[in-house]
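Worksheet: one structure, shown below.
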Amino acid sequence: MENKAMKLVLSGAPHFVTGNDIQKTMGMVIIALLPALAGGVYFFGPRALLVTAASVVSAVAAEFLFRKALRRETHITDLSAVVTGMLLALILPVSSPLWMAAVGSAFAIIVAKELFGGLGGNFANPALVGRAVLLMSWPAFMTRWSPSLHAVAVDATTTATPLGILKLGGALTDVMKSVGVSEKSALYLEMFLGNRSGCIGETSALLLLIGAAFLIVTRIIDWRTPVAMVATTFVASWLFGRDPLFSVLAGGILLGAFFMATDYVTTPVTPVGKWVFGIGAGLMTVLIRQLGNFPEGVTYGILLMNVVVPYLDKIIPHKFGFVKPRKANA
Amino acid sequence: MSLKTFGGGIHPPENKEGTRNMPIERVPTPKSVVIHLTQAIGAQNQPLVKVGDRVVKGQMIGDVQACPAATIHASITGIVRKIEPAPQSNSKDGMAVFIEADGTDETAYMPPLDAFACSREEAIKRLRDAGVVGMGGASFPTDVKLAPPVDKPIDVIIANGSECEPYLNIDYRTMIESPADVVEGLAIAAHIVGARKAYIAIESNKADALPVIEKQLAAHSHGILMETVIVATKYPEGGEKMLIRAVTGREVPSKGLPFDIGVLCQNVGTLKAVKEAFVDGKPLIERGFTVAGGACTTPKNLYAPIGTVLADLVPDVIQISDDVHKVIFGGPMMGVAVPSLQIPVAKGTSGILLFNTAESKQYEERQCIRCGRCADACAARLMPMLLNAALLSDDLNRADAIGLIDCFECGACSYVCPARIPLTQRFKLGKDLLRNQRAREARHGK
């Protein structure tokens with residue numbers, strides 16, 4: 001045995017590693033998004049799939065081609081571009097032109113992610129940057145809402161979102177009318193199930209919460225930020241005199257809280273930072289809804305908080321065996 | 001009921017089944033041994049023998065007038081053939097004494113010493129003369145550990161039976177096969193430091209060792225209050241500071257040592273060696289270790305003289321498949337990969353792992369995605385991803401400010417990292433760089 005030339009590898013400890021890599025993690029997020037996507041298809045028709053496909057294909061292609069062009073190693077198999085593409089599609093109206101979805105996700109990948117160094121280097125959520133850019137560039141497409149196919153009172157090809165109705169000065173009763181119900185509790189139920197107009201993947205609280213529960217139970221995401229964001233939205237809306245439950249079910253709060261405010265790269269890693277991020281994002285969202293020109297503020301609420309993450313990451317917890325530094329006394 | 005434990009930690013596959021029920025097998029006396037003169041944390045020993053000398057098993061062959069340091073003894077009887085540097089399991093070449101067996105069974109042990117009747121100084125001297133060191137891997141001289149500063153009284157002593165490294169079973173087997181020795185050693189150590197309470201802390205996956213130990217308490221505790229404790233099976237439960245936290249609820253202060261909070265922790269194998277040093281007069285010249293891994297076709301628990309070269313155990317004692325790709329001295333989490341089989345068993349060798357190609361897979365490092373799993377896993381409650389970022393930008397001061405030195409180097413963060421960042425390795429390097437920088441600053445009177 002000794003005489004045989006033996007080739008041994010040397011490496012630092014540990015010599016043992018979990019099987020859970022980036023690809024598996026992203027795969028779990030994709031699985032968690034599938035219920036919401038299925039909901040989008042159910043409520044808005046198969047075109048939801050087309051928009052998603054355009055966005056995902058464009059994201060993956062953009063990442064691949066951009067890294068190839070820069071002669072850098074490509075990492076499309078880590079599935080992070082797929083996640084970005086899916087997330088962007090889920091926060092677009094179903095009537096979005098396919099080319100617009102493709103442009104948005106290419107911008108998200110190249111400008112928001114790759115120019116900052118690729119996965120791990122970006123400071124702002126790529127999907128939200130993509131949406132923000134589309135909203136500024138093609139506002140008409142981005143606010144052309146289709147009603148749910150299963151809404152009781154479908155009499156138009158376009159409609160307004162619940163938050164849009166409020167922004168235009170409407171009351172909650174107008175929202176009920178648009179959904180085709182007469183009781184507040186029925187409105188809550190329709191909104192919880194997702195039977196309302198809105199972005200492809202944002203309407204169904206139920207389906208989003210199923211995906212979120214999956215990610216929390218499998219410990220892919222931390223519960224603190226989304227809980228803080230939803231709770232803050234609830235309380236702040238109530239303080240502004242809005243119906244708090246309606247405010248949480250309307251718009252993209254749940255999608256944003258559980259799938260965007262939990263993005264690893266662009267949110268804090270520190271426990272206190274996670275709470276502050278969630279509270280801040282919720283607060284900004286409500287302020288934009290209440291005082292801004294837009295009916296909805298989740299996109300900018302989270303993007304604004306993305307910017308302060310480096311500061312939130314300075315609030316590190318006490319380490320093991322932490323001793324309060326004593327004041328120097330002679 | 002939830003078991004006592006610490007915060008953080010991981011649950012890697014235990015992979016202990018292969019050798020769990022294998023009794024410790026004493027290897028035949030090897031034809032030669034390579035005994036490194038310095039095998040403990042502390043000063044470098046000087047040889048006490050010359051080439052050509054005949055040495056007897058148990059005879060002291062290395063010592064130095066310094067503290068901390070641990071003496072070294074001949075582990076077989078024979079002739080000193082060479083004294084020269086040889087590869088060592090810590091991957092640095094160290095001065096070693098090569099002894100060729102002469103086939104006799106002569107021994108030169110010390111006379112027995114009653115630890116409960118002798119003075120404290122005599123007891124500490126005996127531990128030093130026997131070269132006893134921590135056998136869980138750290139190899140810190142036990143005589144120094146059992147003689148804390150006088151202003152740091154010890155009230156609790158813990159026998160560490162929480163062998164949390166995957167694959168390894170030697171501590172478990174020691175508890176099952178020599179429970180009386182472990183308890184006796186614990187009583188001696190408790191007596192030396194004047195502890196009023198002794199715990200034997202065992203991970204829940206080794207709970208069947210509990211009744212075995214408890215049966216010996218009456219006969220061997222020498223009136224010292226002893227209690228067995230089950231702690232959660234979690235890595236790194238057997239880390240000294242973690243185990244102290246789990247058992248007593250006390251945290252060793254940052255940059256401090258267990259005696260700062262009146263606690264002392266000793267590996268069960270070390271306690272057996274303590275017992276042997278007193279009751280049998282036998283220095284630490286042999287030890288048990290687990291041999292396992294996918295490239296080892298004969299996983300076993302062995303008991304061999306210190307200095308036994310791994311290659312000499314092949315193929316009579318252990319067999320290795322052709323697919324062997326990595327050899328590790330220690331466990332998979334904290335062990336050291338070695339470049340060949342020509343490495344001798346040392347006082348700190350708790351296991352030898354022979355990994356096949358699949359087990360030795362190397363991964364490409366990706367950029368940190370800030371998932372936070374490392375922080376969840378960190379038993380020191382550090383933020384490894386931030387330490388990594390600080391070190392990657394060469395900001396040693398920032399790394400220091402957020403606790404680099406408090407890293408236990410347990411490997412949990414690297415284990416969980418989905419981006420395959422060698423965090424632990426980077427922190428070890430960072431700690432070295434930081435210590436060097438601080439030393440430089442001190443020299444320049446900053």
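Chain lettering (A, B, ...) mirrors the order of the structure tokens, residue numbering begins at 1 for each chain separately, and ligand numbering begins at 1 in order of display.
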Please provide the set of residues having any atom within 7 Å of Ala112 (chain A), restricted to only C-alpha atoms, with same-chain residues fewer than 2 positions apart removed, written as a PyMOL selection string. chain A and resi 107-110+114-116+122+124+126+129
Keeping only C-alpha atoms, write the selected residues to a file as a short mmCIF file (atom, residue, chain, number, x, y, z; two decimals), in the first residue's frame.
```cif
data_model
loop_
_atom_site.label_atom_id
_atom_site.label_comp_id
_atom_site.auth_asym_id
_atom_site.auth_seq_id
_atom_site.Cartn_x
_atom_site.Cartn_y
_atom_site.Cartn_z
CA PHE A 107 -33.14 45.33 -17.22
CA ALA A 108 -33.59 43.72 -13.81
CA ILE A 109 -30.88 41.17 -14.48
CA ILE A 110 -28.34 43.30 -16.32
CA GLU A 114 -25.07 41.91 -13.01
CA LEU A 115 -23.68 45.43 -13.12
CA PHE A 116 -23.38 45.26 -9.35
CA ASN A 122 -26.76 43.78 -5.98
CA ALA A 124 -31.73 46.50 -4.78
CA PRO A 126 -33.89 43.13 -9.26
CA VAL A 129 -36.21 47.53 -10.05
#
```
Within 8 Å of Phe6 (chain B) using only C-alpha atoms, minus same-chain residues under 6 positions, as a VMD selection string: chain B and resid 237 242 to 243 245 to 246 379
Identify all chain A residues at most 8 Å from chain B by counting only C-alpha atoms; ligands do not count. Present them as a ChimeraX atom specification. /A:1-2,6-18,20-22,25,119-121,264-265,269-270,316-323
Apply DSSP to the structure's backbone, then extract all residues of region 163-374 of chain B labelled strand (DSSP E or B) and return them as a VMD selection string. chain B and resid 197 to 203 225 to 231 235 263 to 267 286 to 292 296 300 to 305 309 320 324 to 329 336 to 338 344 351 to 356
Would you save the residues of that selection, restricted to C-alpha atoms, as a CSV table (one decimal), in the first residue's frame?
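See again.csv below for the written result:
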```csv
chain,number,residue,atom,x,y,z
B,197,LYS,CA,-20.0,19.1,41.8
B,198,ALA,CA,-19.1,17.0,38.9
B,199,TYR,CA,-21.3,16.3,35.8
B,200,ILE,CA,-21.0,13.7,33.2
B,201,ALA,CA,-22.6,15.3,30.1
B,202,ILE,CA,-23.6,12.8,27.3
B,203,GLU,CA,-25.4,13.6,24.0
B,225,LEU,CA,-21.3,14.8,44.2
B,226,MET,CA,-21.7,13.4,40.6
B,227,GLU,CA,-24.6,13.7,38.2
B,228,THR,CA,-25.2,12.5,34.7
B,229,VAL,CA,-26.7,15.0,32.2
B,230,ILE,CA,-28.2,14.3,28.8
B,231,VAL,CA,-27.7,17.1,26.3
B,235,TYR,CA,-22.9,19.9,16.6
B,263,VAL,CA,-16.0,25.6,35.4
B,264,LEU,CA,-13.7,23.0,34.0
B,265,CYS,CA,-14.4,20.6,31.2
B,266,GLN,CA,-12.5,17.4,30.5
B,267,ASN,CA,-12.9,14.8,27.7
B,286,GLU,CA,-1.5,4.9,24.1
B,287,ARG,CA,-4.9,6.1,23.0
B,288,GLY,CA,-8.1,5.0,21.3
B,289,PHE,CA,-9.4,6.4,18.0
B,290,THR,CA,-12.0,5.6,15.4
B,291,VAL,CA,-11.1,4.6,11.9
B,292,ALA,CA,-13.9,5.1,9.4
B,296,CYS,CA,-12.1,2.3,4.8
B,300,LYS,CA,-13.0,0.0,13.6
B,301,ASN,CA,-12.3,1.5,17.0
B,302,LEU,CA,-8.6,1.0,17.7
B,303,TYR,CA,-6.3,1.4,20.7
B,304,ALA,CA,-2.7,1.9,19.6
B,305,PRO,CA,0.6,3.3,20.9
B,309,VAL,CA,2.2,5.2,11.7
B,320,ILE,CA,-8.3,0.8,2.5
B,324,VAL,CA,-9.1,6.7,-1.1
B,325,HIS,CA,-8.9,10.4,-1.9
B,326,LYS,CA,-8.6,12.2,1.4
B,327,VAL,CA,-7.2,11.2,4.7
B,328,ILE,CA,-8.3,13.2,7.8
B,329,PHE,CA,-6.8,13.1,11.3
B,336,VAL,CA,-6.9,18.0,9.4
B,337,ALA,CA,-6.4,16.5,6.0
B,338,VAL,CA,-2.9,14.9,5.7
B,344,PRO,CA,1.7,8.8,13.2
B,351,GLY,CA,-10.1,9.5,14.7
B,352,ILE,CA,-8.7,8.8,11.3
B,353,LEU,CA,-11.1,9.2,8.3
B,354,LEU,CA,-10.4,7.7,4.9
B,355,PHE,CA,-12.7,9.4,2.4
B,356,ASN,CA,-13.4,8.2,-1.0
```
Set the distance at 6 Å and use only C-alpha atoms: which residues neighbour Thr71 (chain B) once local chain neighbours fewer than 5 positions away are removed? I'd like the list as an MDAnalysis selection string. chainID B and resid 62:63 131
Which residues come within 7 Å of Val132 (chain B), counting only C-alpha atoms, excluding same-chain residues fewer than 4 positions away, as a PyMOL selection string? chain B and resi 70+127-128+141-142+273-274+284
CA of Lys347 (chain B) and CA of Val133 (chain B) are how many Å apart? 7.2 Å
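CA of Met22 (chain B) to CA of Leu217 (chain B) spans 24.8 Å [interatomic distance, one decimal].
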Could you give me, as a PyMOL selection string, the residues within 9 Å of region 149-153 of chain A, counting only C-alpha atoms and dropping anything in the same chain fewer than 5 positions from it? chain A and resi 42-45+177-181+190+195-197
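Here CA of Arg72 (chain A) and CA of Met86 (chain A) stand 24.2 Å from one another.
With only C-alpha atoms as the atoms that count, the minimum distance from Ile99 (chain B) to the choices B:Asp155, B:Asp208, B:Asp53, B:Asp181 is reached by B:Asp53.
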In region 224-292 of chain A, DSSP alpha helix (DSSP H) residues written as a ChimeraX atom specification: /A:224-239,244-249,253-255,271-291
Generate a file of the selected residues that holds N, CA and C atoms, formatted as a short mmCIF file (atom, residue, chain, number, x, y, z; two decimals), in the first residue's frame.
```cif
data_model
loop_
_atom_site.label_atom_id
_atom_site.label_comp_id
_atom_site.auth_asym_id
_atom_site.auth_seq_id
_atom_site.Cartn_x
_atom_site.Cartn_y
_atom_site.Cartn_z
N ARG A 224 -39.45 37.06 10.39
CA ARG A 224 -39.50 38.36 11.07
C ARG A 224 -39.86 39.52 10.14
N THR A 225 -39.12 39.64 9.03
CA THR A 225 -39.35 40.78 8.14
C THR A 225 -40.78 40.80 7.61
N PRO A 226 -41.28 39.70 7.01
CA PRO A 226 -42.64 39.77 6.48
C PRO A 226 -43.68 40.04 7.56
N VAL A 227 -43.53 39.43 8.72
CA VAL A 227 -44.51 39.67 9.79
C VAL A 227 -44.49 41.14 10.20
N ALA A 228 -43.28 41.70 10.32
CA ALA A 228 -43.18 43.11 10.69
C ALA A 228 -43.81 44.00 9.63
N MET A 229 -43.59 43.65 8.36
CA MET A 229 -44.11 44.49 7.28
C MET A 229 -45.64 44.44 7.23
N VAL A 230 -46.19 43.23 7.33
CA VAL A 230 -47.64 43.09 7.28
C VAL A 230 -48.28 43.77 8.50
N ALA A 231 -47.69 43.54 9.67
CA ALA A 231 -48.26 44.12 10.89
C ALA A 231 -48.20 45.65 10.83
N THR A 232 -47.09 46.18 10.32
CA THR A 232 -46.97 47.63 10.23
C THR A 232 -48.00 48.21 9.27
N THR A 233 -48.18 47.52 8.14
CA THR A 233 -49.18 47.97 7.17
C THR A 233 -50.57 48.00 7.81
N PHE A 234 -50.85 46.94 8.56
CA PHE A 234 -52.15 46.83 9.23
C PHE A 234 -52.35 48.01 10.18
N VAL A 235 -51.38 48.22 11.06
CA VAL A 235 -51.52 49.26 12.09
C VAL A 235 -51.51 50.66 11.47
N ALA A 236 -50.57 50.89 10.55
CA ALA A 236 -50.44 52.24 9.98
C ALA A 236 -51.68 52.59 9.16
N SER A 237 -52.22 51.62 8.42
CA SER A 237 -53.42 51.88 7.64
C SER A 237 -54.58 52.25 8.57
N TRP A 238 -54.65 51.51 9.67
CA TRP A 238 -55.71 51.74 10.65
C TRP A 238 -55.59 53.15 11.24
N LEU A 239 -54.34 53.56 11.52
CA LEU A 239 -54.11 54.90 12.06
C LEU A 239 -54.53 55.98 11.06
N PRO A 244 -58.03 48.28 7.99
CA PRO A 244 -56.70 47.64 8.05
C PRO A 244 -56.64 46.27 7.36
N LEU A 245 -57.68 45.47 7.52
CA LEU A 245 -57.65 44.15 6.91
C LEU A 245 -57.67 44.27 5.38
N PHE A 246 -58.52 45.18 4.90
CA PHE A 246 -58.56 45.45 3.46
C PHE A 246 -57.17 45.88 2.96
N SER A 247 -56.51 46.73 3.75
CA SER A 247 -55.22 47.27 3.32
C SER A 247 -54.17 46.18 3.18
N VAL A 248 -54.26 45.18 4.04
CA VAL A 248 -53.28 44.10 3.97
C VAL A 248 -53.59 43.16 2.80
N LEU A 249 -54.89 42.95 2.55
CA LEU A 249 -55.27 42.03 1.47
C LEU A 249 -55.14 42.68 0.09
N ILE A 253 -48.97 43.71 -0.81
CA ILE A 253 -48.31 43.61 0.49
C ILE A 253 -47.80 42.20 0.76
N LEU A 254 -48.66 41.20 0.58
CA LEU A 254 -48.26 39.84 0.97
C LEU A 254 -47.17 39.31 0.05
N LEU A 255 -47.33 39.53 -1.25
CA LEU A 255 -46.29 39.10 -2.19
C LEU A 255 -44.97 39.81 -1.87
N PRO A 271 -30.75 40.35 13.07
CA PRO A 271 -32.12 40.19 13.58
C PRO A 271 -32.84 41.53 13.76
N VAL A 272 -32.18 42.50 14.40
CA VAL A 272 -32.83 43.80 14.59
C VAL A 272 -33.07 44.45 13.23
N GLY A 273 -32.09 44.31 12.33
CA GLY A 273 -32.22 44.87 10.99
C GLY A 273 -33.44 44.32 10.27
N LYS A 274 -33.71 43.03 10.46
CA LYS A 274 -34.88 42.42 9.80
C LYS A 274 -36.18 43.08 10.28
N TRP A 275 -36.27 43.30 11.59
CA TRP A 275 -37.48 43.95 12.12
C TRP A 275 -37.60 45.36 11.56
N VAL A 276 -36.51 46.11 11.61
CA VAL A 276 -36.56 47.50 11.16
C VAL A 276 -36.91 47.55 9.67
N PHE A 277 -36.33 46.63 8.90
CA PHE A 277 -36.60 46.61 7.47
C PHE A 277 -38.10 46.40 7.23
N GLY A 278 -38.68 45.42 7.91
CA GLY A 278 -40.10 45.11 7.73
C GLY A 278 -40.98 46.28 8.12
N ILE A 279 -40.67 46.88 9.27
CA ILE A 279 -41.46 48.03 9.75
C ILE A 279 -41.34 49.19 8.77
N GLY A 280 -40.10 49.44 8.34
CA GLY A 280 -39.86 50.56 7.42
C GLY A 280 -40.57 50.35 6.09
N ALA A 281 -40.49 49.14 5.55
CA ALA A 281 -41.12 48.86 4.25
C ALA A 281 -42.63 49.00 4.36
N GLY A 282 -43.19 48.51 5.47
CA GLY A 282 -44.64 48.63 5.67
C GLY A 282 -45.06 50.08 5.77
N LEU A 283 -44.29 50.83 6.53
CA LEU A 283 -44.60 52.24 6.75
C LEU A 283 -44.52 53.04 5.45
N MET A 284 -43.44 52.81 4.69
CA MET A 284 -43.28 53.52 3.43
C MET A 284 -44.42 53.19 2.47
N THR A 285 -44.81 51.92 2.46
CA THR A 285 -45.89 51.49 1.58
C THR A 285 -47.17 52.26 1.90
N VAL A 286 -47.49 52.31 3.18
CA VAL A 286 -48.73 52.99 3.58
C VAL A 286 -48.65 54.48 3.28
N LEU A 287 -47.47 55.08 3.53
CA LEU A 287 -47.33 56.51 3.26
C LEU A 287 -47.51 56.81 1.78
N ILE A 288 -46.96 55.96 0.92
CA ILE A 288 -47.10 56.17 -0.52
C ILE A 288 -48.56 56.01 -0.93
N ARG A 289 -49.20 54.96 -0.41
CA ARG A 289 -50.60 54.73 -0.73
C ARG A 289 -51.45 55.93 -0.30
N GLN A 290 -51.12 56.45 0.88
CA GLN A 290 -51.95 57.47 1.48
C GLN A 290 -51.66 58.85 0.90
N LEU A 291 -50.38 59.16 0.77
CA LEU A 291 -50.01 60.53 0.42
C LEU A 291 -49.46 60.68 -1.00
#
```
